[in-house]
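Shown next: protein-v9.pdb, containing PDB, C-alpha atoms, pLDDT in the B column.
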MODEL        1
ATOM      1  CA  MET A   1     -18.616   8.897   8.741  1.00 59.00           C
ATOM      2  CA  ASN A   2     -16.654   5.669   8.728  1.00 72.00           C
ATOM      3  CA  ASP A   3     -13.639   5.186  10.983  1.00 87.00           C
ATOM      4  CA  LEU A   4     -10.120   3.998  10.130  1.00 89.00           C
ATOM      5  CA  ASN A   5     -10.946   0.461  11.216  1.00 90.00           C
ATOM      6  CA  SER A   6     -13.783   0.324   8.669  1.00 93.00           C
ATOM      7  CA  LEU A   7     -11.513   1.796   6.003  1.00 95.00           C
ATOM      8  CA  ALA A   8      -8.804  -0.788   6.720  1.00 94.00           C
ATOM      9  CA  LYS A   9     -11.348  -3.619   6.498  1.00 93.00           C
ATOM     10  CA  LYS A  10     -12.696  -2.343   3.171  1.00 95.00           C
ATOM     11  CA  MET A  11      -9.196  -1.920   1.758  1.00 96.00           C
ATOM     12  CA  SER A  12      -8.301  -5.471   2.854  1.00 93.00           C
ATOM     13  CA  SER A  13     -11.365  -7.058   1.315  1.00 94.00           C
ATOM     14  CA  ASP A  14     -12.292  -4.985  -1.759  1.00 96.00           C
ATOM     15  CA  ALA A  15      -9.729  -4.848  -4.572  1.00 96.00           C
ATOM     16  CA  ALA A  16     -11.973  -2.644  -6.725  1.00 98.00           C
ATOM     17  CA  PHE A  17     -12.190  -0.097  -3.913  1.00 98.00           C
ATOM     18  CA  VAL A  18      -8.403  -0.061  -3.614  1.00 98.00           C
ATOM     19  CA  LYS A  19      -8.093   0.549  -7.375  1.00 97.00           C
ATOM     20  CA  GLU A  20     -10.482   3.489  -7.004  1.00 97.00           C
ATOM     21  CA  LEU A  21      -8.333   4.835  -4.165  1.00 97.00           C
ATOM     22  CA  VAL A  22      -5.223   4.699  -6.344  1.00 97.00           C
ATOM     23  CA  ALA A  23      -6.983   6.522  -9.181  1.00 97.00           C
ATOM     24  CA  ASP A  24      -8.672   9.189  -7.019  1.00 97.00           C
ATOM     25  CA  THR A  25      -7.906   8.916  -3.324  1.00 97.00           C
ATOM     26  CA  GLU A  26      -9.800  11.950  -2.106  1.00 97.00           C
ATOM     27  CA  GLY A  27     -12.824  11.417  -4.344  1.00 97.00           C
ATOM     28  CA  THR A  28     -13.124   7.751  -3.406  1.00 97.00           C
ATOM     29  CA  LEU A  29     -12.922   8.476   0.306  1.00 97.00           C
ATOM     30  CA  LYS A  30     -15.690  11.079  -0.055  1.00 97.00           C
ATOM     31  CA  LYS A  31     -17.803   8.735  -2.212  1.00 97.00           C
ATOM     32  CA  TYR A  32     -17.759   6.076   0.520  1.00 96.00           C
ATOM     33  CA  ASP A  33     -18.032   8.593   3.400  1.00 95.00           C
ATOM     34  CA  PHE A  34     -14.575   8.018   4.883  1.00 96.00           C
ATOM     35  CA  GLU A  35     -12.858  10.924   6.622  1.00 93.00           C
ATOM     36  CA  VAL A  36      -9.142  10.761   7.342  1.00 94.00           C
ATOM     37  CA  SER A  37      -6.607  13.249   8.635  1.00 93.00           C
ATOM     38  CA  ASP A  38      -4.573  15.312   6.189  1.00 95.00           C
ATOM     39  CA  GLU A  39      -1.522  13.266   7.169  1.00 94.00           C
ATOM     40  CA  VAL A  40      -3.209   9.947   6.345  1.00 93.00           C
ATOM     41  CA  LEU A  41      -4.582  11.355   3.085  1.00 95.00           C
ATOM     42  CA  SER A  42      -1.155  12.605   2.047  1.00 95.00           C
ATOM     43  CA  THR A  43       0.367   9.198   2.777  1.00 93.00           C
ATOM     44  CA  MET A  44      -2.332   7.312   0.889  1.00 95.00           C
ATOM     45  CA  LYS A  45      -2.036   9.520  -2.203  1.00 95.00           C
ATOM     46  CA  GLY A  46       1.521   8.329  -2.781  1.00 91.00           C
ATOM     47  CA  MET A  47       0.726   4.621  -2.566  1.00 96.00           C
ATOM     48  CA  ASP A  48      -0.092   2.012  -5.180  1.00 97.00           C
ATOM     49  CA  ALA A  49      -2.692  -0.748  -4.721  1.00 97.00           C
ATOM     50  CA  GLU A  50      -0.254  -3.211  -3.163  1.00 97.00           C
ATOM     51  CA  GLU A  51       1.011  -0.641  -0.661  1.00 97.00           C
ATOM     52  CA  LEU A  52      -2.524   0.396   0.318  1.00 97.00           C
ATOM     53  CA  THR A  53      -3.522  -3.228   0.880  1.00 95.00           C
ATOM     54  CA  GLU A  54      -0.401  -3.814   2.959  1.00 94.00           C
ATOM     55  CA  MET A  55      -1.083  -0.683   5.004  1.00 92.00           C
ATOM     56  CA  ALA A  56      -4.621  -1.906   5.717  1.00 92.00           C
ATOM     57  CA  SER A  57      -3.322  -5.318   6.726  1.00 90.00           C
ATOM     58  CA  ASN A  58      -0.730  -3.776   9.044  1.00 89.00           C
ATOM     59  CA  TYR A  59      -3.367  -1.524  10.607  1.00 84.00           C
ATOM     60  CA  SER A  60      -5.577  -4.538  11.325  1.00 67.00           C
ATOM     61  CA  VAL A  61      -2.674  -6.443  12.887  1.00 62.00           C
ATOM     62  CA  ASP A  62      -1.719  -3.449  15.037  1.00 59.00           C
ATOM     63  CA  LYS A  63      -5.322  -3.092  16.237  1.00 59.00           C
ATOM     64  CA  ALA A  64      -5.498  -6.801  17.112  1.00 53.00           C
ATOM     65  CA  ALA A  65      -2.337  -6.515  19.213  1.00 50.00           C
ATOM     66  CA  CYS A  66      -3.910  -3.854  21.443  1.00 49.00           C
TER      67      CYS A  66
ENDMDL
END
Go through the file and emit its structure as structure tokens.
Amino acid sequence: MNDLNSLAKKMSSDAAFVKELVADTEGTLKKYDFEVSDEVLSTMKGMDAEELTEMASNYSVDKAAC
């Protein structure tokens, strides 16, 4: 299982992965062995590629601030 930090890094660096997430969020997460909470999954399902990339970038910035 990959953690949220790994997911954020992949989303920030892999545009093809983000496109897969937009097309099939749940299936893509399973394919790459990412597990997220129902709340995170629900949020991601409503996002387009730009929003997902921005979310990943914001997550990385928030983690760096800690």
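The set of residues that the PyMOL selection byres ((chain A and resi 34) around 12) takes from this file is Met1, Asn2, Asp3, Leu4, Asn5, Ser6, Leu7, Ala8, Lys10, Met11, Leu21, Thr25, Glu26, Gly27, Thr28, Leu29, Lys30, Lys31, Tyr32, Asp33, Glu35, Val36, Ser37, Val40 and Leu41 of chain A.
The spacing separating atom CA of Met44 of chain A from atom CA of Ala16 of chain A amounts to 15.8 Å.
Distance-wise, atom CA of Asp38 of chain A and atom CA of Phe17 of chain A end up 19.9 Å apart.
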Where is the centre and how long are the edges: axis-aligned box on segment 12-22 of chain A, 4 Å on each side, Å to one decimal, as AutoDock Vina command-line options:
--center_x -8.8 --center_y -1.1 --center_z -2.3 --size_x 15.1 --size_y 19.9 --size_z 18.2
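Relative to atom CA of Glu39 of chain A, atom CA of Asp14 of chain A is found at 23.0 Å.
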- Task: Return as a VMD selection string the set of residues that the PyMOL selection byres ((chain A and resi 48-53) around 10) yields on the displayed structure.
- Result: chain A and resid 8 to 23 43 to 47 54 to 59
